[in-house]
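target.txt follows (compact mmCIF, C-alpha atoms and all ligand atoms):
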# COMPACT_ATOMS: atom_id res chain seq x y z
CA MET F 1 -74.79 -52.70 15.72
CA ILE F 2 -71.46 -51.29 14.66
CA LEU F 3 -71.15 -48.16 12.53
CA ALA F 4 -67.82 -48.21 10.68
CA ILE F 5 -66.15 -45.32 8.86
CA GLU F 6 -63.19 -45.41 6.46
CA THR F 7 -61.55 -42.38 4.77
CA SER F 8 -57.86 -43.27 4.52
CA CYS F 9 -57.49 -42.50 0.81
CA ASP F 10 -59.96 -41.44 -1.89
CA ASP F 11 -63.04 -43.49 -0.99
CA THR F 12 -65.56 -42.11 1.50
CA CYS F 13 -66.99 -45.22 3.18
CA ALA F 14 -69.50 -46.12 5.88
CA ALA F 15 -71.03 -49.46 6.83
CA VAL F 16 -73.34 -50.94 9.43
CA LEU F 17 -72.50 -54.38 10.80
CA ALA F 18 -74.25 -56.79 13.11
CA PRO F 19 -72.65 -56.92 16.59
CA ASP F 20 -70.63 -60.06 15.69
CA GLY F 21 -68.83 -58.05 12.99
CA LEU F 22 -69.32 -60.91 10.53
CA THR F 23 -72.40 -59.61 8.73
CA ALA F 24 -72.48 -56.30 6.88
CA LEU F 25 -76.01 -54.86 6.74
CA SER F 26 -74.78 -52.08 4.45
CA ASN F 27 -71.47 -51.14 2.88
CA VAL F 28 -71.57 -47.74 1.16
CA VAL F 29 -68.58 -46.54 -0.85
CA HIS F 30 -68.40 -43.20 -2.53
CA THR F 31 -65.42 -43.24 -4.89
CA GLN F 32 -64.13 -39.75 -5.48
CA THR F 33 -63.93 -38.97 -9.17
CA GLU F 34 -62.30 -35.59 -8.58
CA HIS F 35 -58.85 -37.18 -8.97
CA LEU F 36 -59.35 -38.68 -12.42
CA ARG F 37 -58.16 -35.64 -14.30
CA TYR F 38 -54.92 -35.53 -12.28
CA GLY F 39 -54.04 -39.17 -12.94
CA GLY F 40 -53.60 -39.84 -9.22
CA VAL F 41 -55.00 -38.98 -5.79
CA VAL F 42 -54.48 -35.35 -4.71
CA PRO F 43 -54.46 -35.44 -0.88
CA GLU F 44 -55.99 -32.01 -0.27
CA VAL F 45 -58.73 -32.64 -2.82
CA ALA F 46 -59.45 -35.98 -1.10
CA SER F 47 -59.81 -34.36 2.35
CA ARG F 48 -62.25 -31.77 1.07
CA ALA F 49 -64.28 -34.33 -0.86
CA HIS F 50 -64.51 -36.55 2.28
CA LEU F 51 -65.78 -33.55 4.21
CA GLU F 52 -68.48 -32.89 1.62
CA ARG F 53 -69.59 -36.54 1.32
CA MET F 54 -69.26 -37.85 4.87
CA ASP F 55 -72.73 -36.99 6.19
CA GLY F 56 -74.48 -38.32 3.09
CA VAL F 57 -72.50 -41.56 3.09
CA VAL F 58 -73.20 -42.22 6.79
CA ALA F 59 -76.91 -41.47 6.25
CA ALA F 60 -76.97 -43.85 3.27
CA ALA F 61 -75.27 -46.62 5.28
CA LEU F 62 -77.86 -46.29 8.07
CA ALA F 63 -80.76 -46.15 5.61
CA GLU F 64 -79.59 -49.16 3.61
CA ALA F 65 -79.23 -51.16 6.80
CA GLY F 66 -82.70 -50.01 7.89
CA VAL F 67 -81.43 -48.60 11.20
CA GLY F 68 -81.06 -45.21 12.86
CA PHE F 69 -78.35 -43.66 15.05
CA GLY F 70 -80.27 -45.00 18.06
CA ASP F 71 -79.47 -48.59 17.02
CA ILE F 72 -75.71 -48.02 16.91
CA GLU F 73 -73.81 -49.42 19.90
CA ARG F 74 -70.24 -48.63 18.90
CA VAL F 75 -68.38 -46.66 16.23
CA ALA F 76 -65.31 -48.02 14.45
CA VAL F 77 -62.98 -45.87 12.39
CA THR F 78 -59.72 -46.15 10.44
CA VAL F 79 -57.08 -44.12 12.31
CA ARG F 80 -53.96 -45.18 10.36
CA PRO F 81 -52.15 -45.51 7.98
CA GLY F 82 -53.23 -43.23 5.14
CA LEU F 83 -53.43 -39.65 3.94
CA ILE F 84 -53.44 -37.61 7.12
CA GLY F 85 -56.03 -35.03 6.06
CA ALA F 86 -58.32 -37.71 4.67
CA LEU F 87 -58.07 -39.83 7.83
CA LEU F 88 -58.79 -36.81 10.02
CA VAL F 89 -62.18 -36.29 8.41
CA GLY F 90 -63.28 -39.85 9.22
CA VAL F 91 -61.79 -39.78 12.73
CA SER F 92 -63.50 -36.47 13.53
CA ALA F 93 -66.85 -37.69 12.21
CA ALA F 94 -66.59 -40.96 14.16
CA LYS F 95 -65.59 -39.19 17.38
CA GLY F 96 -68.45 -36.72 16.96
CA ILE F 97 -71.05 -39.45 16.39
CA ALA F 98 -69.75 -41.55 19.30
CA TYR F 99 -69.39 -38.64 21.71
CA ALA F 100 -72.84 -37.23 21.01
CA ARG F 101 -74.42 -40.60 21.92
CA ARG F 102 -71.91 -41.57 24.65
CA LEU F 103 -70.88 -44.63 22.63
CA PRO F 104 -67.55 -46.48 22.69
CA LEU F 105 -65.11 -45.89 19.83
CA VAL F 106 -62.85 -48.49 18.20
CA PRO F 107 -59.74 -47.17 16.40
CA VAL F 108 -58.81 -49.55 13.57
CA ASN F 109 -55.63 -50.04 11.56
CA HIS F 110 -56.47 -49.93 7.83
CA LEU F 111 -54.29 -52.96 7.00
CA GLU F 112 -55.90 -55.04 9.75
CA GLY F 113 -59.15 -53.99 8.10
CA HIS F 114 -58.03 -55.38 4.73
CA VAL F 115 -57.13 -58.67 6.43
CA ALA F 116 -60.48 -58.75 8.28
CA ALA F 117 -62.31 -58.67 4.92
CA ALA F 118 -61.48 -62.39 4.89
CA TYR F 119 -63.71 -62.99 7.94
CA LEU F 120 -66.61 -61.31 6.13
CA ALA F 121 -66.01 -63.47 3.08
CA ARG F 122 -65.57 -66.64 5.15
CA PRO F 123 -67.17 -66.24 8.62
CA ASP F 124 -65.87 -69.66 9.75
CA LEU F 125 -62.25 -68.78 8.89
CA GLU F 126 -59.93 -69.51 11.80
CA PRO F 127 -56.28 -68.44 11.98
CA PRO F 128 -53.48 -69.32 11.52
CA PHE F 129 -53.09 -68.03 7.98
CA VAL F 130 -50.81 -65.80 5.95
CA ALA F 131 -52.27 -62.72 4.30
CA LEU F 132 -51.10 -60.63 1.36
CA ILE F 133 -52.41 -57.08 1.30
CA ALA F 134 -51.75 -55.48 -2.08
CA SER F 135 -53.27 -52.10 -2.83
CA GLY F 136 -52.35 -48.74 -4.28
CA GLY F 137 -50.71 -47.70 -1.03
CA HIS F 138 -49.46 -50.94 0.51
CA THR F 139 -47.95 -54.29 -0.28
CA ALA F 140 -47.35 -56.38 2.80
CA LEU F 141 -47.34 -59.97 3.98
CA TYR F 142 -48.68 -60.87 7.42
CA HIS F 143 -48.89 -63.97 9.53
CA VAL F 144 -52.08 -64.10 11.58
CA ALA F 145 -51.60 -66.38 14.58
CA ARG F 146 -54.15 -68.58 16.33
CA ASP F 147 -54.77 -65.76 18.85
CA ARG F 148 -55.41 -63.42 15.87
CA SER F 149 -52.30 -61.33 16.51
CA MET F 150 -50.66 -60.08 13.31
CA GLU F 151 -46.96 -60.22 12.50
CA LEU F 152 -45.47 -58.36 9.54
CA LEU F 153 -43.40 -60.82 7.49
CA GLY F 154 -42.35 -58.56 4.65
CA GLU F 155 -43.34 -55.48 2.69
CA THR F 156 -42.45 -53.45 -0.35
CA LEU F 157 -39.17 -51.60 -0.23
CA ASP F 158 -40.37 -48.98 -2.72
CA ASP F 159 -43.67 -48.80 -4.65
CA ALA F 160 -46.81 -50.71 -3.73
CA ALA F 161 -48.00 -53.29 -6.28
CA GLY F 162 -51.04 -51.17 -7.22
CA GLU F 163 -48.86 -48.10 -7.46
CA ALA F 164 -46.52 -49.96 -9.84
CA LEU F 165 -49.54 -50.87 -11.99
CA ASP F 166 -50.83 -47.30 -11.85
CA LYS F 167 -47.45 -45.86 -12.86
CA GLY F 168 -46.97 -48.48 -15.59
CA ALA F 169 -50.41 -47.70 -17.00
CA ARG F 170 -49.55 -44.03 -17.03
CA MET F 171 -46.36 -44.66 -19.01
CA LEU F 172 -48.37 -46.75 -21.48
CA GLY F 173 -50.95 -44.00 -21.88
CA LEU F 174 -53.68 -46.10 -20.27
CA GLY F 175 -56.26 -44.79 -17.80
CA PHE F 176 -56.32 -44.43 -14.02
CA PRO F 177 -56.60 -46.54 -11.90
CA GLY F 178 -53.95 -48.47 -13.75
CA GLY F 179 -54.61 -52.00 -12.45
CA PRO F 180 -57.84 -52.61 -14.37
CA ALA F 181 -56.51 -50.65 -17.38
CA ILE F 182 -53.37 -52.79 -17.66
CA SER F 183 -55.39 -56.00 -17.28
CA LYS F 184 -57.72 -54.95 -20.05
CA ALA F 185 -54.89 -54.01 -22.40
CA ALA F 186 -53.03 -57.23 -21.54
CA ARG F 187 -55.95 -59.42 -22.62
CA THR F 188 -54.89 -59.35 -26.27
CA GLY F 189 -51.15 -59.18 -25.52
CA ASP F 190 -48.39 -61.74 -25.84
CA VAL F 191 -46.98 -62.22 -22.35
CA ALA F 192 -43.73 -63.72 -23.66
CA LYS F 193 -42.77 -60.94 -26.07
CA TYR F 194 -41.10 -58.69 -23.49
CA SER F 195 -39.33 -59.87 -20.40
CA PHE F 196 -39.62 -57.79 -17.25
CA PRO F 197 -37.63 -58.23 -14.02
CA VAL F 198 -39.39 -59.75 -11.00
CA GLY F 199 -38.10 -57.75 -8.03
CA LEU F 200 -36.16 -59.63 -5.29
CA LYS F 201 -37.09 -62.86 -7.04
CA ASP F 202 -34.20 -64.92 -5.74
CA LYS F 203 -33.79 -63.20 -2.39
CA LYS F 204 -34.78 -65.43 0.52
CA ASN F 205 -36.69 -62.59 2.24
CA LEU F 206 -40.41 -61.90 1.99
CA ASP F 207 -40.08 -58.33 0.76
CA PHE F 208 -41.12 -56.83 -2.57
CA SER F 209 -39.61 -54.27 -4.92
CA PHE F 210 -41.22 -52.84 -8.04
CA SER F 211 -38.87 -49.99 -8.94
CA GLY F 212 -36.74 -52.12 -11.31
CA LEU F 213 -39.85 -53.19 -13.17
CA LYS F 214 -40.93 -49.59 -13.64
CA THR F 215 -37.48 -48.58 -14.91
CA SER F 216 -37.45 -51.54 -17.28
CA LEU F 217 -40.71 -50.38 -18.87
CA LEU F 218 -39.41 -46.82 -19.13
CA TYR F 219 -36.27 -47.97 -21.00
CA LYS F 220 -38.23 -50.24 -23.32
CA LEU F 221 -40.46 -47.31 -24.25
CA LYS F 222 -37.49 -44.95 -24.69
CA LYS F 223 -35.88 -47.34 -27.17
CA MET F 224 -38.93 -47.40 -29.42
CA GLU F 225 -39.42 -45.23 -32.47
CA PRO F 226 -42.09 -42.54 -32.15
CA GLY F 227 -45.46 -44.15 -32.85
CA GLU F 228 -44.13 -47.67 -32.39
CA ALA F 229 -45.16 -47.93 -28.73
CA ARG F 230 -48.87 -47.74 -29.41
CA GLY F 231 -48.99 -51.07 -31.21
CA GLU F 232 -46.86 -52.67 -28.49
CA VAL F 233 -49.11 -51.64 -25.58
CA PRO F 234 -50.95 -55.00 -25.22
CA ASP F 235 -47.68 -57.01 -25.21
CA LEU F 236 -45.97 -54.58 -22.84
CA ALA F 237 -49.01 -54.56 -20.53
CA ALA F 238 -49.15 -58.36 -20.50
CA GLY F 239 -45.46 -58.70 -19.59
CA TYR F 240 -45.66 -55.97 -16.97
CA GLU F 241 -48.79 -57.39 -15.31
CA ALA F 242 -47.28 -60.89 -15.28
CA ALA F 243 -44.13 -59.60 -13.51
CA VAL F 244 -46.20 -57.92 -10.76
CA VAL F 245 -48.31 -61.05 -10.32
CA GLU F 246 -45.30 -63.35 -10.22
CA ALA F 247 -43.64 -61.29 -7.47
CA LEU F 248 -46.80 -61.39 -5.35
CA VAL F 249 -47.47 -65.11 -5.86
CA ARG F 250 -43.87 -66.14 -5.24
CA LYS F 251 -43.53 -64.36 -1.89
CA LEU F 252 -47.00 -65.29 -0.69
CA LEU F 253 -46.41 -69.00 -1.32
CA ARG F 254 -42.94 -68.76 0.24
CA ALA F 255 -44.51 -67.20 3.36
CA ALA F 256 -47.16 -69.93 3.54
CA GLU F 257 -44.47 -72.57 3.29
CA ALA F 258 -42.16 -70.93 5.85
CA ARG F 259 -45.01 -70.65 8.37
CA ARG F 260 -46.66 -73.94 7.43
CA ALA F 261 -49.92 -72.02 7.11
CA PRO F 262 -52.91 -74.08 5.96
CA SER F 263 -54.70 -71.04 4.49
CA VAL F 264 -53.77 -67.94 2.54
CA VAL F 265 -55.73 -64.71 2.29
CA VAL F 266 -55.34 -62.07 -0.42
CA ALA F 267 -56.96 -58.65 -0.11
CA GLY F 268 -56.51 -55.03 -1.16
CA GLY F 269 -57.45 -53.52 -4.51
CA VAL F 270 -54.93 -55.60 -6.48
CA ALA F 271 -56.68 -58.80 -5.30
CA ALA F 272 -59.33 -57.90 -7.89
CA ASN F 273 -56.76 -58.83 -10.56
CA ALA F 274 -57.97 -61.78 -12.60
CA LEU F 275 -54.51 -63.11 -13.46
CA LEU F 276 -53.48 -63.04 -9.79
CA ARG F 277 -56.66 -64.86 -8.77
CA ARG F 278 -56.30 -67.47 -11.48
CA THR F 279 -52.63 -68.13 -10.76
CA LEU F 280 -53.20 -68.45 -7.03
CA GLU F 281 -56.23 -70.70 -7.43
CA GLU F 282 -54.16 -73.11 -9.46
CA LYS F 283 -51.03 -73.03 -7.26
CA CYS F 284 -52.89 -73.19 -3.94
CA HIS F 285 -54.99 -76.08 -5.19
CA ARG F 286 -51.84 -77.99 -6.13
CA ARG F 287 -50.29 -77.38 -2.71
CA GLY F 288 -53.45 -78.20 -0.76
CA LEU F 289 -53.71 -74.62 0.53
CA ASP F 290 -57.07 -73.07 1.32
CA LEU F 291 -57.26 -69.78 -0.63
CA ILE F 292 -59.52 -66.97 0.52
CA VAL F 293 -59.94 -63.98 -1.78
CA PRO F 294 -62.85 -61.77 -0.70
CA PRO F 295 -65.13 -60.47 -3.48
CA PRO F 296 -63.85 -57.28 -5.18
CA GLU F 297 -66.15 -54.96 -3.19
CA LEU F 298 -64.57 -56.21 0.05
CA CYS F 299 -61.03 -56.12 -1.40
CA THR F 300 -60.97 -52.47 -2.41
CA ASP F 301 -61.28 -49.86 0.34
CA ASN F 302 -64.58 -50.16 2.23
CA ALA F 303 -65.92 -49.66 5.75
CA ALA F 304 -67.37 -53.16 6.27
CA MET F 305 -63.83 -54.52 6.61
CA ILE F 306 -63.11 -51.85 9.25
CA GLY F 307 -66.19 -52.97 11.20
CA ALA F 308 -65.04 -56.59 10.88
CA ALA F 309 -61.61 -55.67 12.28
CA ALA F 310 -63.23 -53.69 15.11
CA VAL F 311 -64.49 -56.81 16.90
CA ARG F 312 -60.83 -57.83 17.26
CA SER F 313 -59.51 -54.37 18.23
CA ARG F 314 -59.29 -52.49 21.52
CA VAL F 315 -62.49 -50.67 22.47
CA LEU F 316 -62.22 -47.18 24.01
CA ASP F 317 -65.10 -46.28 26.32
CA PHE F 318 -66.79 -42.88 26.36
CA PRO F 319 -65.12 -40.37 26.73
CA ASP F 320 -61.61 -41.86 26.72
CA TYR F 321 -61.16 -41.41 22.97
CA LEU F 322 -61.17 -37.64 22.75
CA SER F 323 -57.39 -37.57 22.36
CA VAL F 324 -57.40 -40.27 19.65
CA THR F 325 -56.05 -38.89 16.41
CA ALA F 326 -55.08 -40.01 12.92
CA ARG F 327 -51.58 -41.10 11.94
CA SER F 328 -50.20 -41.24 8.42
CA VAL F 329 -47.96 -44.28 9.06
O1 LIG K 1 -57.29 -51.07 -1.92
P1 LIG K 1 -57.49 -50.02 -2.95
O2 LIG K 1 -58.87 -49.81 -3.50
O3 LIG K 1 -57.03 -48.62 -2.43
C1 LIG K 1 -55.86 -48.43 -1.73
O4 LIG K 1 -55.87 -48.55 -0.48
O5 LIG K 1 -54.84 -48.17 -2.40
O6 LIG K 1 -56.47 -50.37 -4.14
C2 LIG K 1 -56.36 -49.57 -5.30
C3 LIG K 1 -55.31 -50.18 -6.19
C4 LIG K 1 -54.96 -49.33 -7.39
O7 LIG K 1 -53.56 -49.22 -7.50
C5 LIG K 1 -55.54 -50.08 -8.57
O8 LIG K 1 -54.80 -49.91 -9.76
C6 LIG K 1 -55.48 -51.52 -8.08
O9 LIG K 1 -55.77 -51.45 -6.70
N1 LIG K 1 -56.47 -52.36 -8.75
C7 LIG K 1 -56.15 -53.41 -9.53
C8 LIG K 1 -57.37 -53.92 -10.05
N2 LIG K 1 -58.39 -53.17 -9.55
C9 LIG K 1 -57.81 -52.23 -8.74
N3 LIG K 1 -54.96 -53.92 -9.85
C10 LIG K 1 -54.95 -54.97 -10.68
N4 LIG K 1 -56.05 -55.51 -11.23
C11 LIG K 1 -57.27 -55.02 -10.95
N5 LIG K 1 -58.36 -55.58 -11.50
ZN ZN K 2 -56.63 -49.95 1.29

Once you've parsed the file, please lay out its structure as structure tokens.
Amino acid sequence: MILAIETSCDDTCAAVLAPDGLTALSNVVHTQTEHLRYGGVVPEVASRAHLERMDGVVAAALAEAGVGFGDIERVAVTVRPGLIGALLVGVSAAKGIAYARRLPLVPVNHLEGHVAAAYLARPDLEPPFVALIASGGHTALYHVARDRSMELLGETLDDAAGEALDKGARMLGLGFPGGPAISKAARTGDVAKYSFPVGLKDKKNLDFSFSGLKTSLLYKLKKMEPGEARGEVPDLAAGYEAAVVEALVRKLLRAAEARRAPSVVVAGGVAANALLRRTLEEKCHRRGLDLIVPPPELCTDNAAMIGAAAVRSRVLDFPDYLSVTARSV
């Protein structure tokens, strides 16, 4: 069995997987609510909350899987990228658990973890495919080759897609996290009422940019009379959400075409977005592309995806991992 630990941002996560890394026996996520009143993740608060929750979350993951520490054969942990203090808590816990039982340790890249969620969702999935990872911290396009090696095709030049949604929601006076809040507000909105720029739309590259979109919303709000904005929130949210979705869909399909990939994978918290899912289902179907979007609980940060990535990552035998440490980038 694999015990996997993930603490790169504000979710304290542990999971137990079968040795093949394709079956999660448990997948426990404790989402820190401490950040809600700040409207964003406070790194130092996150580190301390991970420290407080880690033991309980690991115990819950073992209990839910019906196993004990004695059944664990290797420990996988996210080592990068993420909030450095938050990562350090998970890395220290994983090293401690592995060292005490003389187990091997597998350091995992968080983004490779998001991609590996696709193998949990579709155990028979075989590369090649292109993958879009869109979360609060990252927006990146990868090509996964037949030998499972990953190549970065493009990424955001400024904000991540989720971050753009979070910041847009904040400007509109909606809640945090902004993605679900914007979607909800957009449901009754008229998507055509306001036009928002789609970053790098006509550039041939596979990069993203959301700063122009954010500025556009800011100026639209500034031009409004006091009190006027409230009534416009659904229309503004609908236009804003559509611009984020269009940027993601455009570049993902362009990547699939450039690499002649038969399948596309979408993961990360933003993959929970209903408009994104709907749009991609329709466009991929028309192009004969196989679309894999893991269920929401495997798209947002979790440890099962880290365990799934671990079977494809380098294993460090006891005690070679004592010098392993976290990295923010
Ligand atoms: O992957 P994730 O849980 O954590 C990070 O690694 O960042 O992603 C969180 C991001 C947030 O920005 C949140 O607003 C966005 O995912 N998100 C959504 C939805 N649910 C979460 N964005 C759009 N639509 C959603 N339904
Ligand atoms: Zn993530």

Give, as AutoDock Vina command-line options, the centre coordinates and the x, y and z edge lengths in Å to one decimal for an axis-aligned box around all listed atoms of stretch 235-240 of chain F, padded by 5 Å on each side.
--center_x -47.3 --center_y -56.6 --center_z -21.1 --size_x 13.7 --size_y 14.1 --size_z 18.2

For this session: Would you please work out which residue, of F:Val106, F:Leu125, F:Ala326, F:Met305, is nearest to ligand ZN 2 (chain K) when using only C-alpha atoms and all ligand atoms?
Result: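 With only C-alpha atoms and all ligand atoms as the atom set, the closest residue is F:Met305.
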
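Taking only C-alpha atoms and all ligand atoms into account, every polymer residue with at least one atom at most 6 Å away from ligand LIG 1 (chain K) is listed here: Ser135, Gly136, Gly137, Gly162, Glu163, Leu165, Asp166, Pro177, Gly178, Gly179, Pro180, Gly268, Gly269, Val270, Ala272, Asn273, Thr300 and Asp301 of chain F.
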
For this session: One decimal, Å: what's the distance from atom CA of F:Thr139 over to atom ZN of ligand ZN 2 (chain K), could you say?
Result: 9.8 Å

For this session: For ligand ZN 2 (chain K), collect every residue having any atom at a distance of at most 12 Å from a ligand atom (counting all atoms listed in the file); output as a ChimeraX atom specification.
Result: /F:6-13,78,80-83,109-117,133-140,160-163,267-271,297-303,305-306

Which residues of stretch 202-243 of chain F have any atom within 10 Å of an atom in stretch 186-198 of chain F when counting only C-alpha atoms, and what is the closest pair of atoms for each, with the distance in Å to one decimal? Order the rows by chain and rising number and write it as CSV.
residue,atom,partner,partner_atom,distance
F:Asp202,CA,F:Val198,CA,9.0
F:Phe208,CA,F:Val198,CA,9.1
F:Ser209,CA,F:Val198,CA,8.2
F:Phe210,CA,F:Val198,CA,7.7
F:Ser211,CA,F:Pro197,CA,9.8
F:Gly212,CA,F:Pro197,CA,6.7
F:Leu213,CA,F:Pro197,CA,5.6
F:Lys214,CA,F:Phe196,CA,9.1
F:Thr215,CA,F:Pro197,CA,9.7
F:Ser216,CA,F:Phe196,CA,6.6
F:Leu217,CA,F:Phe196,CA,7.7
F:Lys220,CA,F:Tyr194,CA,8.9
F:Glu232,CA,F:Gly189,CA,8.3
F:Val233,CA,F:Gly189,CA,7.8
F:Pro234,CA,F:Gly189,CA,4.2
F:Asp235,CA,F:Gly189,CA,4.1
F:Leu236,CA,F:Tyr194,CA,6.4
F:Ala237,CA,F:Ala186,CA,4.9
F:Ala238,CA,F:Ala186,CA,4.2
F:Gly239,CA,F:Val191,CA,4.7
F:Tyr240,CA,F:Phe196,CA,6.3
F:Glu241,CA,F:Ala186,CA,7.5
F:Ala242,CA,F:Val191,CA,7.2
F:Ala243,CA,F:Val198,CA,5.4

Exercise. Expressed in Å to a single decimal, how great is the separation between atom CA of F:Ser47 and atom CA of F:Gln32?
Worked result: 10.4 Å

Exercise. Out of F:Ala169, F:His30, F:His285, F:Val58, which residue has the shortest atom-to-atom distance to F:Ser183 when counting only C-alpha atoms?
Worked result: F:Ala169

Exercise. For F:Glu151, which of F:Ala255, F:Asp320, F:Arg287, F:Arg277 is the closest residue, counting all atoms listed in the file?
Worked result: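 Nearest to F:Glu151: F:Ala255.
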
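Note that atom CA of F:Ala309 and atom CA of F:Met54 are 20.8 Å apart.
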
Missing atoms in stretch 61-83 of chain F: can you complete it with N, CA and C atoms, as a short mmCIF file (atom, residue, chain, number, x, y, z; two decimals), in the frame of the given file?
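The new file part-v7.cif reads:
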data_model
loop_
_atom_site.label_atom_id
_atom_site.label_comp_id
_atom_site.auth_asym_id
_atom_site.auth_seq_id
_atom_site.Cartn_x
_atom_site.Cartn_y
_atom_site.Cartn_z
N ALA F 61 -75.61 -45.34 4.64
CA ALA F 61 -75.27 -46.62 5.28
C ALA F 61 -76.34 -47.00 6.31
N LEU F 62 -76.80 -46.02 7.08
CA LEU F 62 -77.86 -46.29 8.07
C LEU F 62 -79.16 -46.67 7.36
N ALA F 63 -79.51 -45.90 6.33
CA ALA F 63 -80.76 -46.15 5.61
C ALA F 63 -80.76 -47.51 4.95
N GLU F 64 -79.66 -47.86 4.29
CA GLU F 64 -79.59 -49.16 3.61
C GLU F 64 -79.68 -50.32 4.58
N ALA F 65 -79.18 -50.10 5.79
CA ALA F 65 -79.23 -51.16 6.80
C ALA F 65 -80.59 -51.16 7.50
N GLY F 66 -81.38 -50.11 7.26
CA GLY F 66 -82.70 -50.01 7.89
C GLY F 66 -82.61 -49.71 9.38
N VAL F 67 -81.59 -48.95 9.78
CA VAL F 67 -81.43 -48.60 11.20
C VAL F 67 -81.25 -47.09 11.33
N GLY F 68 -81.31 -46.62 12.58
CA GLY F 68 -81.06 -45.21 12.86
C GLY F 68 -79.89 -45.09 13.82
N PHE F 69 -79.48 -43.85 14.12
CA PHE F 69 -78.35 -43.66 15.05
C PHE F 69 -78.62 -44.34 16.40
N GLY F 70 -79.91 -44.40 16.78
CA GLY F 70 -80.27 -45.00 18.06
C GLY F 70 -79.94 -46.48 18.16
N ASP F 71 -79.77 -47.14 17.02
CA ASP F 71 -79.47 -48.59 17.02
C ASP F 71 -77.96 -48.86 17.11
N ILE F 72 -77.17 -47.82 16.94
CA ILE F 72 -75.71 -48.02 16.91
C ILE F 72 -75.16 -48.13 18.34
N GLU F 73 -74.36 -49.19 18.56
CA GLU F 73 -73.81 -49.42 19.90
C GLU F 73 -72.33 -49.05 20.01
N ARG F 74 -71.63 -49.07 18.87
CA ARG F 74 -70.24 -48.63 18.90
C ARG F 74 -69.85 -48.12 17.51
N VAL F 75 -68.83 -47.26 17.50
CA VAL F 75 -68.38 -46.66 16.23
C VAL F 75 -66.93 -47.08 15.99
N ALA F 76 -66.67 -47.61 14.80
CA ALA F 76 -65.31 -48.02 14.45
C ALA F 76 -64.80 -47.09 13.35
N VAL F 77 -63.52 -46.77 13.41
CA VAL F 77 -62.98 -45.87 12.39
C VAL F 77 -61.51 -46.16 12.11
N THR F 78 -61.13 -46.00 10.83
CA THR F 78 -59.72 -46.15 10.44
C THR F 78 -58.95 -44.95 10.98
N VAL F 79 -57.90 -45.23 11.78
CA VAL F 79 -57.08 -44.12 12.31
C VAL F 79 -55.71 -44.05 11.65
N ARG F 80 -55.25 -45.14 11.03
CA ARG F 80 -53.96 -45.18 10.36
C ARG F 80 -53.84 -46.44 9.55
N PRO F 81 -52.91 -46.59 8.62
CA PRO F 81 -52.15 -45.51 7.98
C PRO F 81 -52.93 -44.98 6.78
N GLY F 82 -52.53 -43.81 6.30
CA GLY F 82 -53.23 -43.23 5.14
C GLY F 82 -52.88 -41.77 4.98
N LEU F 83 -53.64 -41.09 4.15
CA LEU F 83 -53.43 -39.65 3.94
C LEU F 83 -53.95 -38.95 5.19
#
